[in-house]
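Here the structure comes first, spelled out in structure tokens, and everything after it is commentary.
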Amino acid sequence: MAANNTEYSSKSYYEKANASYKSRKRFAQIIICVILTFVSLLVLYPLVYTVSAAFTPGNSVSALSIIPFGNGVTTDHFTKLFTQTNYLLWFRNTIIIAIGTSASTVIVCSLAAYIFSRFRFAFKKHMMMALLVLQIFPSFIGMVSIYVILMRIGGLDTLWGMILIYLAGNIPYNTWLVKSYMDSIPKSLDEAARIDGASNATTFFKIVLPQAKPIITFLAITSFTGPWMEFIFSKLILRSNEKMTLALGLYAFVSDKKNEFTDFCAGSILIAIPFIIFFIITQKMLVTSLGGAAVKE
Amino acid sequence: MAKELVARDGSSKKKVLVTSVIFMGLSHMIWLKQYVKGAFFALIEILMLIFSPKIVTAIKNLITLGDPHPELPIKQRDNSLFMMIDGFIVLALIFVFVLIYIISVRSALKEYKSYCTNGRFESNKNVISNLADNAFPVVGLIPMIILVLFLVVVPLLFSAAVAFTDYSSPDHIAPNNTINWVGLENFKALFGGDATWTGAFGRVAVWTVVWAFFATLTCYAGGMVMAVIFNESKLKITPMFRSICILPYAVPTVVTMLVWQNLLNGSFGTINRTLIALGLMDSSTVIPWLSDPSFAKFTCILINLWAGFPYFMLLTMGTMTSINPDIFEAAKIDGANSVQTFFHITLPNIVYQTAPLIIMSFTHNINNFGAIFFLTGGNPKVADSTVTYAKGTDIIVTWIYNLTINMQKYNYAAVLAVCIFIVLAPFAIWNFKNTKSFKDGEM
């Protein structure tokens with residue numbers, strides 16, 4: 001009888017524990033849900049206002065309703081962008097610079113990274129070290145002499161001049177990045193190719209590059225998005241209206257002289273939307289490549 | 001068989017060395033029968049000799065920086081700025097020339113050594129057929145070297161050198177006036193000589209470090225907390241929340257910071273007006289988000305957290321998936337609960353794997369121009385701002401920008417750049433020593 005009793009009570013204890021465990025788990029999920037909702041609201045707050053401002057009649061922030069879309073909806077700002085400003089021209093210039101920078105960075109950096117990863121030559125260590133020290137400086141520290149050097153080679157107020165600056169600024173860090181990745185690709189593969197009589201160039205294009213595809217994709221994306229909103233050099237180098245980029249055009253909307261916040265928002269979301277769609281689609285890849293970057297070193 | 005010119009027992013080493021030092025490529029051609037290689041080296045030296053008068057002039061100009069000629073029209077006066085930059089370009093070329101010289105001497109000695117052991121010279125035919133393949137590393141690196149040398153190294157050297165000149169508005173701007181070397185004058189002025197400038201420098205330097213520290217710490221902690229929450233969340237709509245949370249990373253910083261600047265405006269910004277409408281505060285006591293020097297600093301760190309946590313969140317999530325799941329199984333069998341598992345397994349693993357990136361993020365924040373410039377523009381103004389142009393939330397890089405663009409105090413901006421170098425170089429070297437290839441001794 002006594003034994004029976006104990007058995008019974010222990011069973012009830014187990015059930016109770018299980019129930020409390022379950023309810024605790026549910027409670028934890030509710031807390032998580034509350035936190036996530038709260039954080040999401042904080043994250044969305046300025047973004048929602050940006051979108052609402054883009055559709056709000058009028059120009060200044062002070063007139064903006066504190067409730068999103070509280071002043072009615074208009075598409076005037078978008079019409080204005082395409083009719084009264086050179087938005088499409090800015091867009092064209094920016095995309096030329098971005099594609100040029102991305103393509104040239106991939107070519108120059110992956111080639112240099114391959115050479116650093118696979119060849120032994122004089123002063124290699126010194127060069128790697130120099131690149132590492134150079135990458136800590138933001139390029140604009142040398143802007144006075146970059147300006148003069150571009151002037152010498154006729155690169156002022158040209159798109160290729162901008163591409164050249166961004167490319168040079170990208171090299172030190174990205175060469176390291178790609179080299180570290182290529183170090184992790186087994187050398188036996190390209191050695192086998194070389195034994196089969198492949199030249200260095202063939203080995204590079206046919207064997208190493210395909211293997212390094214993830215990091216090359218990452219490099220292509222980051223060097224494409226980088227120039228998109230770069231401001232300092234655009235302002236320094238590009239002077240004429242025909243060469244304006246999006247960053248310059250949009251910044252002018254909210255600079256000291258005029259406050260056309262709503263136009264700025266309209267122009268900004270047109271750029272932000274493709275970026276957002278792209279990032280949401282590729283977030284899985286971002287997680288692995290960022291995680292991979294952390295594990296690698 | 002013709003008598004060989006150099007002995008095989010290694011006794012001609014001195015002869016080979018001396019000849020190769022006298023003229024680049026000479027010993028390749030005379031002793032080692034490497035005519036193609038030798039001619040290539042010789043050509044470089046001949047080019048250098050042809051341009052030597054120009055090189056000497058450039059170096060002389062770099063030393064004197066020209067003489068003032070107030071009597072001449074501006075176009076004909078000595079332009080110290082161009083003289084300096086040309087001087088550094090020439091110095092870079094000489095540096096490359098010296099390196100090639102060293103390579104040529106080494107190559108000659110190597111060829112001689114291989115002759116001593118093999119007893120024959122590599123035939124020129126072989127050399128040419130191998131040339132395409134041997135030249136690959138050299139040709140492949142040339143674009144990188146040229147770009148880095150002339151668009152990164154020379155500009156940075158120039159900037160460093162300006163720290164030792166009086167290149168500044170209004171009296172020493174080329175081409176109207178010459179620039180002069182002044183030794184350590186600028187450093188003295190910023191480090192104690194001039195009370196206003198020293199004060200501003202101290203203030204900005206301290207804030208830069210404080211900013212970088214808290215900006216990194218908050219984003220790291222925030223990102224990790226969010227990653228853990230996402231990891232624990234069993235909700236069906238988790239992917240939606242995750243997509244929302246990476247939005248700040250997806251939207252360009254310039255856009256988000258400028259939007260925040262307008263939302264946070266003291267009198268007409270949406271945030272303060274919302275708080276008033278909700279009855280949380282009075283319109284006479286609005287929160288000085290960006291107008292009070294101390295509060296604006298807090299705002300900077302807060303908004304940077306908004307913009308920066310997604311990066312660390314993605315990073316931590318990536319790291320979490322890479323932890324070996326067996327460890328968790330083992331911990332579960334040993335009876336560890338989820339809190340213990342987190343603090344003893346997950347957290348140490350994440351911290352260990354992301355440590356180098358924390359350091360990198362710190363150096364990135366020291367140089368985080370966009371977050372400050374587009375959010376506050378360095379504002380609000382403080383007492384010495386009219387003289388020094390250093391405002392309440394300016395960090396060193398934004399101050400450099402102001403000094404260069406708005407005040408044309410290139411000399412002081414250069415001193416600040418040198419400071420950044422001195423502070424950040426150890427981090428870069430530490431990072432270098434921690435890379436896998438360095439540890440494996442591959443270099």
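We label chains A, B, ... in the order they appear in the structure tokens, count residues from 1 in each chain, and number ligands from 1 in the order shown.
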**7 Å contacts from chain A to chain B using only C-alpha atoms, as a ChimeraX atom specification** = /A:29,32,36,40,43,46,50,61-62,66,108,111-112,115,125,132-133,136,138,141-142,145-146,165,168-169,199-200,229,268,272,275-276,279-280,287-288,290-291,294-295,297
Keeping N, CA and C atoms, export the residues of the selection given above as a compact mmCIF listing (two decimals), in the first residue's frame.
# COMPACT_ATOMS: atom_id res chain seq x y z
N GLN A 29 8.21 31.65 -24.58
CA GLN A 29 7.88 32.00 -25.97
C GLN A 29 7.08 33.30 -26.04
N ILE A 32 9.55 36.09 -25.55
CA ILE A 32 10.31 36.25 -26.79
C ILE A 32 9.49 37.00 -27.82
N LEU A 36 10.52 40.51 -29.46
CA LEU A 36 10.71 40.63 -30.91
C LEU A 36 9.78 41.69 -31.51
N SER A 40 11.17 44.99 -33.28
CA SER A 40 10.76 45.23 -34.67
C SER A 40 10.12 46.59 -34.83
N VAL A 43 12.84 49.12 -34.86
CA VAL A 43 13.57 49.08 -36.13
C VAL A 43 12.73 49.73 -37.23
N PRO A 46 11.70 54.50 -37.82
CA PRO A 46 12.18 55.52 -38.77
C PRO A 46 11.90 55.14 -40.22
N THR A 50 10.01 57.26 -43.07
CA THR A 50 10.63 57.59 -44.36
C THR A 50 9.64 57.35 -45.48
N VAL A 61 9.94 68.74 -42.53
CA VAL A 61 9.67 67.76 -41.49
C VAL A 61 8.66 68.30 -40.49
N SER A 62 8.75 69.61 -40.22
CA SER A 62 7.93 70.15 -39.14
C SER A 62 6.44 70.00 -39.42
N ILE A 66 2.51 63.32 -36.97
CA ILE A 66 3.22 62.33 -36.15
C ILE A 66 2.66 60.94 -36.36
N VAL A 108 41.06 42.69 -60.06
CA VAL A 108 42.37 43.02 -59.49
C VAL A 108 42.61 42.29 -58.18
N LEU A 111 42.96 38.33 -58.55
CA LEU A 111 44.24 37.99 -59.18
C LEU A 111 45.39 38.16 -58.18
N ALA A 112 45.40 39.32 -57.49
CA ALA A 112 46.46 39.56 -56.51
C ALA A 112 46.38 38.54 -55.39
N ILE A 115 47.85 35.24 -56.44
CA ILE A 115 49.30 35.27 -56.49
C ILE A 115 49.89 35.24 -55.08
N LYS A 125 56.10 39.01 -48.02
CA LYS A 125 55.66 39.28 -46.65
C LYS A 125 55.54 40.78 -46.42
N LEU A 132 48.05 45.44 -45.12
CA LEU A 132 47.30 45.38 -43.87
C LEU A 132 47.33 46.70 -43.13
N VAL A 133 48.50 47.34 -43.13
CA VAL A 133 48.60 48.62 -42.44
C VAL A 133 47.81 49.69 -43.22
N ILE A 136 43.87 50.27 -42.73
CA ILE A 136 43.24 50.92 -41.57
C ILE A 136 42.88 52.37 -41.84
N PRO A 138 40.99 55.40 -43.69
CA PRO A 138 39.96 55.76 -44.65
C PRO A 138 40.62 56.51 -45.79
N ILE A 141 41.67 60.43 -46.12
CA ILE A 141 42.78 61.12 -45.45
C ILE A 141 43.74 61.66 -46.49
N GLY A 142 43.91 60.95 -47.60
CA GLY A 142 44.82 61.43 -48.64
C GLY A 142 44.13 62.22 -49.73
N SER A 145 46.00 64.95 -52.09
CA SER A 145 46.92 64.52 -53.14
C SER A 145 46.21 63.61 -54.15
N ILE A 146 45.18 62.90 -53.73
CA ILE A 146 44.40 62.12 -54.71
C ILE A 146 43.81 63.09 -55.74
N ILE A 165 39.51 55.58 -57.87
CA ILE A 165 39.70 55.86 -56.44
C ILE A 165 39.09 54.75 -55.59
N ALA A 168 41.16 51.54 -55.88
CA ALA A 168 42.41 51.59 -55.10
C ALA A 168 42.11 51.46 -53.62
N GLY A 169 41.04 52.10 -53.16
CA GLY A 169 40.70 52.02 -51.74
C GLY A 169 40.25 50.63 -51.33
N SER A 199 48.53 26.22 -67.69
CA SER A 199 49.35 27.38 -67.35
C SER A 199 48.78 28.02 -66.08
N ASN A 200 49.53 29.00 -65.54
CA ASN A 200 49.06 29.68 -64.33
C ASN A 200 47.71 30.34 -64.54
N MET A 229 26.45 54.97 -52.00
CA MET A 229 26.10 56.12 -51.18
C MET A 229 27.34 56.86 -50.69
N SER A 268 15.24 58.36 -51.64
CA SER A 268 15.95 57.33 -50.88
C SER A 268 15.26 55.98 -50.96
N ALA A 272 16.51 52.30 -51.67
CA ALA A 272 16.53 51.35 -50.56
C ALA A 272 15.76 50.08 -50.88
N PHE A 275 17.71 47.34 -52.51
CA PHE A 275 18.69 46.87 -51.53
C PHE A 275 18.03 45.94 -50.52
N ILE A 276 16.86 46.35 -50.01
CA ILE A 276 16.19 45.57 -48.98
C ILE A 276 15.77 44.21 -49.53
N PHE A 279 18.79 42.04 -49.81
CA PHE A 279 19.33 41.56 -48.54
C PHE A 279 18.45 40.49 -47.92
N ILE A 280 17.13 40.66 -48.06
CA ILE A 280 16.25 39.67 -47.46
C ILE A 280 16.38 38.34 -48.19
N VAL A 287 24.49 35.11 -43.59
CA VAL A 287 24.77 34.44 -42.32
C VAL A 287 25.95 33.49 -42.48
N THR A 288 25.93 32.68 -43.54
CA THR A 288 27.03 31.72 -43.68
C THR A 288 28.34 32.41 -44.02
N LEU A 290 29.30 35.55 -43.37
CA LEU A 290 29.83 36.30 -42.23
C LEU A 290 30.34 35.34 -41.16
N GLY A 291 29.56 34.28 -40.91
CA GLY A 291 29.99 33.28 -39.94
C GLY A 291 31.27 32.63 -40.40
N ALA A 294 34.24 34.68 -39.76
CA ALA A 294 34.66 34.66 -38.36
C ALA A 294 35.44 33.40 -38.05
N VAL A 295 34.98 32.29 -38.61
CA VAL A 295 35.62 31.02 -38.29
C VAL A 295 37.00 30.90 -38.94
N GLU A 297 39.55 32.94 -39.67
CA GLU A 297 40.80 33.48 -39.13
C GLU A 297 41.17 32.80 -37.82
**Residues within 12 Å of Arg92 of chain A, only C-alpha atoms, excluding chain neighbours under 6 positions, as a PyMOL selection string** = chain A and resi 86+98-99+159+228+242-246
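One finds atom CA of Ala212 of chain B at 27.4 Å from atom CA of Gly193 of chain B.
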**Request:** Give me every alpha helix (DSSP H) residue in segment 112-245 of chain A, going by DSSP on the backbone, as number ranges by chain.
**Result:** A: 112-118, 124-134, 143-152, 159-183, 187-195, 200-202, 209-211, 213-225, 232-237
**Complete:** atom CA of Ala113 of chain A sits from atom CA of Ser223 of chain A at a separation of 15.9 Å
**Item:** Selection: 12 Å around Leu32 of chain B, only C-alpha atoms, excl. self and same-chain fewer than 5 positions, as number ranges by chain
**Value:** B: 4-8, 12-13, 15-17, 19-20, 25-27, 37-38, 107-116, 119-124
Suppose we keep C-alpha atoms; can you now write the selection as a compact mmCIF listing (two decimals), in the first residue's frame?
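Written file, again20.txt:
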# COMPACT_ATOMS: atom_id res chain seq x y z
CA GLU B 4 83.78 29.25 -69.24
CA LEU B 5 83.89 32.77 -67.88
CA VAL B 6 83.04 31.94 -64.30
CA ALA B 7 84.41 29.16 -62.15
CA ARG B 8 82.19 26.34 -61.02
CA SER B 12 83.58 33.75 -58.81
CA LYS B 13 80.76 34.75 -56.49
CA LYS B 15 82.89 38.81 -59.41
CA VAL B 16 79.22 38.12 -60.14
CA LEU B 17 78.08 40.16 -57.15
CA THR B 19 79.21 43.23 -61.63
CA SER B 20 75.55 42.94 -60.82
CA GLY B 25 71.56 43.08 -65.38
CA LEU B 26 75.23 43.38 -66.37
CA SER B 27 76.31 40.16 -64.75
CA LYS B 37 66.65 38.85 -68.40
CA GLY B 38 69.80 40.95 -68.32
CA SER B 107 68.62 36.72 -59.13
CA ALA B 108 72.21 36.92 -60.43
CA LEU B 109 73.54 35.20 -57.32
CA LYS B 110 70.86 32.54 -57.55
CA GLU B 111 71.64 31.84 -61.20
CA TYR B 112 75.33 31.57 -60.39
CA LYS B 113 74.62 29.16 -57.55
CA SER B 114 72.46 27.00 -59.79
CA TYR B 115 75.27 27.02 -62.37
CA CYS B 116 77.72 25.86 -59.73
CA GLY B 119 77.18 22.95 -64.39
CA ARG B 120 75.12 24.62 -67.12
CA PHE B 121 73.27 27.86 -67.72
CA GLU B 122 69.59 27.85 -68.31
CA SER B 123 69.40 28.34 -72.05
CA ASN B 124 67.81 31.48 -73.39
**Item:** Close residues, segment 55-63 of chain B itself excluded, 9 Å, only C-alpha atoms, min 2 positions apart in chain, as a list in words
**Value:**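 Selected residues are Met48, Phe51, Ser52, Pro53, Leu65, Gly66, Ser80, Met83, Met84, Ile85, Asp86, Gly87, Phe88, Val90, Leu91, Ile94 and Trp181 of chain B.
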Output the selection as a PDB file, in the first residue's frame - C-alpha atoms for each residue.
ATOM      1  CA  MET B  48      66.148  55.586 -64.775  1.00  0.00           C
ATOM      2  CA  PHE B  51      65.176  60.567 -66.383  1.00  0.00           C
ATOM      3  CA  SER B  52      67.732  61.230 -63.663  1.00  0.00           C
ATOM      4  CA  PRO B  53      67.936  65.029 -64.236  1.00  0.00           C
ATOM      5  CA  LEU B  65      59.298  73.431 -51.745  1.00  0.00           C
ATOM      6  CA  GLY B  66      60.108  76.346 -54.081  1.00  0.00           C
ATOM      7  CA  SER B  80      54.764  73.927 -53.477  1.00  0.00           C
ATOM      8  CA  MET B  83      56.335  69.985 -55.881  1.00  0.00           C
ATOM      9  CA  MET B  84      55.514  67.966 -52.780  1.00  0.00           C
ATOM     10  CA  ILE B  85      53.282  65.468 -54.543  1.00  0.00           C
ATOM     11  CA  ASP B  86      55.682  65.063 -57.481  1.00  0.00           C
ATOM     12  CA  GLY B  87      58.474  64.611 -54.990  1.00  0.00           C
ATOM     13  CA  PHE B  88      56.655  61.762 -53.309  1.00  0.00           C
ATOM     14  CA  VAL B  90      59.443  60.238 -57.567  1.00  0.00           C
ATOM     15  CA  LEU B  91      60.398  58.864 -54.144  1.00  0.00           C
ATOM     16  CA  ILE B  94      63.006  55.320 -56.636  1.00  0.00           C
ATOM     17  CA  TRP B 181      58.750  72.769 -43.777  1.00  0.00           C
TER      18      TRP B 181
END
**Prompt:** For Asp78 of chain B, which of B:Ser169, B:Asn177, B:Asn118, B:Gln261 is the closest residue, counting only C-alpha atoms?
**Reply:** B:Asn177
**Message:** Set the distance at 10 Å and use only C-alpha atoms: which residues neighbour Arg203 of chain B once local chain neighbours fewer than 2 positions away are removed? I'd like the list as a list in words.
**Reply:**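 My reading of the contact set: Trp197, Thr198, Gly199, Ala200, Phe201, Ala205, Val206, Trp207, Thr208, Ala390, Lys391, Gly392, Thr393, Asp394, Ile395 and Ile396 of chain B.
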Selection above as a file: N, CA and C atoms, as a tab-separated table (two decimals), in the first residue's frame:
chain	number	residue	atom	x	y	z
B	197	TRP	N	43.59	74.86	-29.19
B	197	TRP	CA	43.71	73.69	-30.05
B	197	TRP	C	43.98	72.43	-29.24
B	198	THR	N	44.84	72.57	-28.21
B	198	THR	CA	45.14	71.41	-27.38
B	198	THR	C	43.87	70.92	-26.69
B	199	GLY	N	43.09	71.88	-26.17
B	199	GLY	CA	41.84	71.52	-25.50
B	199	GLY	C	40.92	70.78	-26.44
B	200	ALA	N	40.76	71.35	-27.64
B	200	ALA	CA	39.87	70.72	-28.62
B	200	ALA	C	40.37	69.33	-28.98
B	201	PHE	N	41.69	69.20	-29.16
B	201	PHE	CA	42.26	67.90	-29.52
B	201	PHE	C	41.99	66.87	-28.43
B	205	ALA	N	39.77	63.60	-29.02
B	205	ALA	CA	40.45	62.31	-28.93
B	205	ALA	C	39.76	61.42	-27.91
B	206	VAL	N	39.43	61.98	-26.75
B	206	VAL	CA	38.77	61.18	-25.71
B	206	VAL	C	37.41	60.70	-26.22
B	207	TRP	N	36.66	61.59	-26.83
B	207	TRP	CA	35.33	61.20	-27.34
B	207	TRP	C	35.45	60.14	-28.42
B	208	THR	N	36.48	60.23	-29.27
B	208	THR	CA	36.64	59.22	-30.32
B	208	THR	C	36.80	57.83	-29.72
B	390	ALA	N	36.08	72.10	-34.30
B	390	ALA	CA	35.74	70.81	-33.69
B	390	ALA	C	34.47	71.02	-32.88
B	391	LYS	N	33.41	70.31	-33.27
B	391	LYS	CA	32.14	70.50	-32.58
B	391	LYS	C	31.89	69.37	-31.60
B	392	GLY	N	30.74	69.45	-30.93
B	392	GLY	CA	30.46	68.57	-29.79
B	392	GLY	C	30.59	67.08	-30.04
B	393	THR	N	30.12	66.60	-31.18
B	393	THR	CA	30.16	65.16	-31.39
B	393	THR	C	31.17	64.76	-32.47
B	394	ASP	N	32.03	65.69	-32.87
B	394	ASP	CA	33.03	65.36	-33.89
B	394	ASP	C	33.99	64.31	-33.36
B	395	ILE	N	34.23	63.27	-34.16
B	395	ILE	CA	35.32	62.37	-33.85
B	395	ILE	C	36.50	62.77	-34.74
B	396	ILE	N	37.65	62.11	-34.58
B	396	ILE	CA	38.84	62.62	-35.27
B	396	ILE	C	38.66	62.66	-36.78
**Item:** Within 12 Å of segment 203-209 of chain A using only C-alpha atoms, minus same-chain residues under 2 positions, as a PyMOL selection string
**Value:** (chain A and resi 106-107+109-115+117-118+178-179+181-201+211-217) or (chain B and resi 133+136-137+140)
Please produce a file of those selected residues containing C-alpha atoms, as a PDB file, in the first residue's frame.
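Saved as again_1.pdb:
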ATOM      1  CA  VAL A 106      36.926  41.514 -58.377  1.00  0.00           C
ATOM      2  CA  ILE A 107      39.487  41.226 -61.177  1.00  0.00           C
ATOM      3  CA  CYS A 109      41.825  41.677 -55.969  1.00  0.00           C
ATOM      4  CA  SER A 110      41.213  38.046 -56.889  1.00  0.00           C
ATOM      5  CA  LEU A 111      44.237  37.991 -59.177  1.00  0.00           C
ATOM      6  CA  ALA A 112      46.462  39.560 -56.513  1.00  0.00           C
ATOM      7  CA  ALA A 113      45.008  37.262 -53.842  1.00  0.00           C
ATOM      8  CA  TYR A 114      45.699  34.200 -55.997  1.00  0.00           C
ATOM      9  CA  ILE A 115      49.304  35.274 -56.489  1.00  0.00           C
ATOM     10  CA  SER A 117      48.201  32.689 -51.894  1.00  0.00           C
ATOM     11  CA  ARG A 118      50.046  30.419 -54.334  1.00  0.00           C
ATOM     12  CA  VAL A 178      40.165  36.799 -50.710  1.00  0.00           C
ATOM     13  CA  LYS A 179      43.680  35.553 -49.993  1.00  0.00           C
ATOM     14  CA  TYR A 181      39.789  32.299 -48.362  1.00  0.00           C
ATOM     15  CA  MET A 182      42.010  30.971 -51.150  1.00  0.00           C
ATOM     16  CA  ASP A 183      44.474  29.690 -48.546  1.00  0.00           C
ATOM     17  CA  SER A 184      41.724  27.358 -47.391  1.00  0.00           C
ATOM     18  CA  ILE A 185      41.250  25.874 -50.874  1.00  0.00           C
ATOM     19  CA  PRO A 186      43.402  22.719 -51.126  1.00  0.00           C
ATOM     20  CA  LYS A 187      46.522  23.334 -53.168  1.00  0.00           C
ATOM     21  CA  SER A 188      46.461  19.752 -54.439  1.00  0.00           C
ATOM     22  CA  LEU A 189      43.770  20.746 -56.957  1.00  0.00           C
ATOM     23  CA  ASP A 190      45.797  23.377 -58.763  1.00  0.00           C
ATOM     24  CA  GLU A 191      48.951  21.281 -58.459  1.00  0.00           C
ATOM     25  CA  ALA A 192      47.155  18.485 -60.253  1.00  0.00           C
ATOM     26  CA  ALA A 193      46.052  20.903 -62.954  1.00  0.00           C
ATOM     27  CA  ARG A 194      49.606  22.158 -63.353  1.00  0.00           C
ATOM     28  CA  ILE A 195      50.952  18.651 -63.706  1.00  0.00           C
ATOM     29  CA  ASP A 196      48.413  18.184 -66.504  1.00  0.00           C
ATOM     30  CA  GLY A 197      50.107  21.099 -68.213  1.00  0.00           C
ATOM     31  CA  ALA A 198      47.753  23.938 -67.368  1.00  0.00           C
ATOM     32  CA  SER A 199      49.351  27.379 -67.346  1.00  0.00           C
ATOM     33  CA  ASN A 200      49.064  29.682 -64.332  1.00  0.00           C
ATOM     34  CA  ALA A 201      46.326  31.685 -65.988  1.00  0.00           C
ATOM     35  CA  GLN A 211      36.331  27.210 -55.932  1.00  0.00           C
ATOM     36  CA  ALA A 212      36.460  30.727 -54.534  1.00  0.00           C
ATOM     37  CA  LYS A 213      33.006  31.604 -55.837  1.00  0.00           C
ATOM     38  CA  PRO A 214      31.419  32.358 -52.424  1.00  0.00           C
ATOM     39  CA  ILE A 215      34.032  34.950 -51.475  1.00  0.00           C
ATOM     40  CA  ILE A 216      34.077  36.393 -54.989  1.00  0.00           C
ATOM     41  CA  THR A 217      30.302  36.847 -54.822  1.00  0.00           C
TER      42      THR A 217
ATOM     43  CA  ASP B 133      54.411  31.541 -67.183  1.00  0.00           C
ATOM     44  CA  PHE B 136      52.473  35.614 -64.352  1.00  0.00           C
ATOM     45  CA  PRO B 137      52.919  36.662 -60.723  1.00  0.00           C
ATOM     46  CA  GLY B 140      49.306  39.919 -62.232  1.00  0.00           C
TER      47      GLY B 140
END
**Request:** To one decimal in Å, tell me the separation between atom CA of Val34 of chain A and atom CA of Leu280 of chain B.
**Result:**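 Between atom CA of Val34 of chain A and atom CA of Leu280 of chain B the gap is 22.7 Å.
Take the candidates A:Trp176, A:Phe116, A:Ile30, A:Ser104 and check each one against Trp160 of chain A using only C-alpha atoms; the shortest distance goes to A:Ser104.
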**Request:** Would you mind listing what lies within 12 Å of Ile67 of chain A as a ChimeraX atom specification, with only C-alpha atoms counted and same-chain residues fewer than 2 positions away left out?
**Result:** /A:45,48-49,52-53,56,63-65,69-72 /B:270-271,273-275,277-278
Would you mind exporting the chosen residues as a short mmCIF file (atom, residue, chain, number, x, y, z; two decimals), in the first residue's frame, restricted to N, CA and C atoms?
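To be explicit, this is the file written out as selection_8.cif:
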data_model
loop_
_atom_site.label_atom_id
_atom_site.label_comp_id
_atom_site.auth_asym_id
_atom_site.auth_seq_id
_atom_site.Cartn_x
_atom_site.Cartn_y
_atom_site.Cartn_z
N TYR A 45 10.28 51.93 -36.94
CA TYR A 45 9.82 53.30 -36.71
C TYR A 45 10.36 54.32 -37.72
N VAL A 48 9.31 53.47 -41.42
CA VAL A 48 7.92 53.77 -41.75
C VAL A 48 7.75 55.27 -42.00
N TYR A 49 8.41 56.07 -41.16
CA TYR A 49 8.33 57.52 -41.36
C TYR A 49 8.94 57.95 -42.69
N SER A 52 6.35 57.12 -45.23
CA SER A 52 5.20 58.01 -45.12
C SER A 52 5.56 59.42 -45.61
N ALA A 53 6.79 59.87 -45.26
CA ALA A 53 7.20 61.21 -45.69
C ALA A 53 7.28 61.30 -47.21
N THR A 56 3.97 62.18 -48.48
CA THR A 56 3.26 63.27 -47.83
C THR A 56 3.36 64.55 -48.65
N ALA A 63 6.08 69.97 -40.72
CA ALA A 63 4.66 69.86 -41.05
C ALA A 63 4.20 68.41 -41.07
N LEU A 64 5.16 67.49 -40.93
CA LEU A 64 4.84 66.07 -41.04
C LEU A 64 3.97 65.62 -39.87
N SER A 65 2.89 64.91 -40.17
CA SER A 65 2.04 64.40 -39.10
C SER A 65 2.80 63.35 -38.29
N PHE A 69 1.33 58.66 -42.56
CA PHE A 69 0.32 58.87 -43.59
C PHE A 69 -0.85 59.71 -43.09
N GLY A 70 -0.59 60.54 -42.05
CA GLY A 70 -1.67 61.34 -41.47
C GLY A 70 -2.03 62.57 -42.27
N ASN A 71 -1.15 62.96 -43.23
CA ASN A 71 -1.43 64.17 -44.01
C ASN A 71 -2.00 63.86 -45.39
N GLY A 72 -2.42 62.65 -45.59
CA GLY A 72 -2.89 62.30 -46.93
C GLY A 72 -1.74 61.74 -47.76
N THR B 270 9.87 64.70 -35.40
CA THR B 270 8.68 63.88 -35.16
C THR B 270 8.68 63.25 -33.77
N ILE B 271 9.86 62.84 -33.30
CA ILE B 271 9.91 62.12 -32.03
C ILE B 271 9.46 63.01 -30.87
N ARG B 273 7.71 65.71 -31.04
CA ARG B 273 6.31 66.10 -31.20
C ARG B 273 5.39 64.95 -30.78
N THR B 274 5.82 63.71 -31.05
CA THR B 274 5.03 62.56 -30.61
C THR B 274 4.96 62.50 -29.09
N LEU B 275 6.13 62.69 -28.46
CA LEU B 275 6.16 62.63 -27.00
C LEU B 275 5.27 63.71 -26.39
N ALA B 277 2.63 65.06 -27.84
CA ALA B 277 1.24 64.69 -28.12
C ALA B 277 0.75 63.60 -27.18
N LEU B 278 1.66 62.71 -26.77
CA LEU B 278 1.28 61.65 -25.85
C LEU B 278 1.20 62.16 -24.41
#
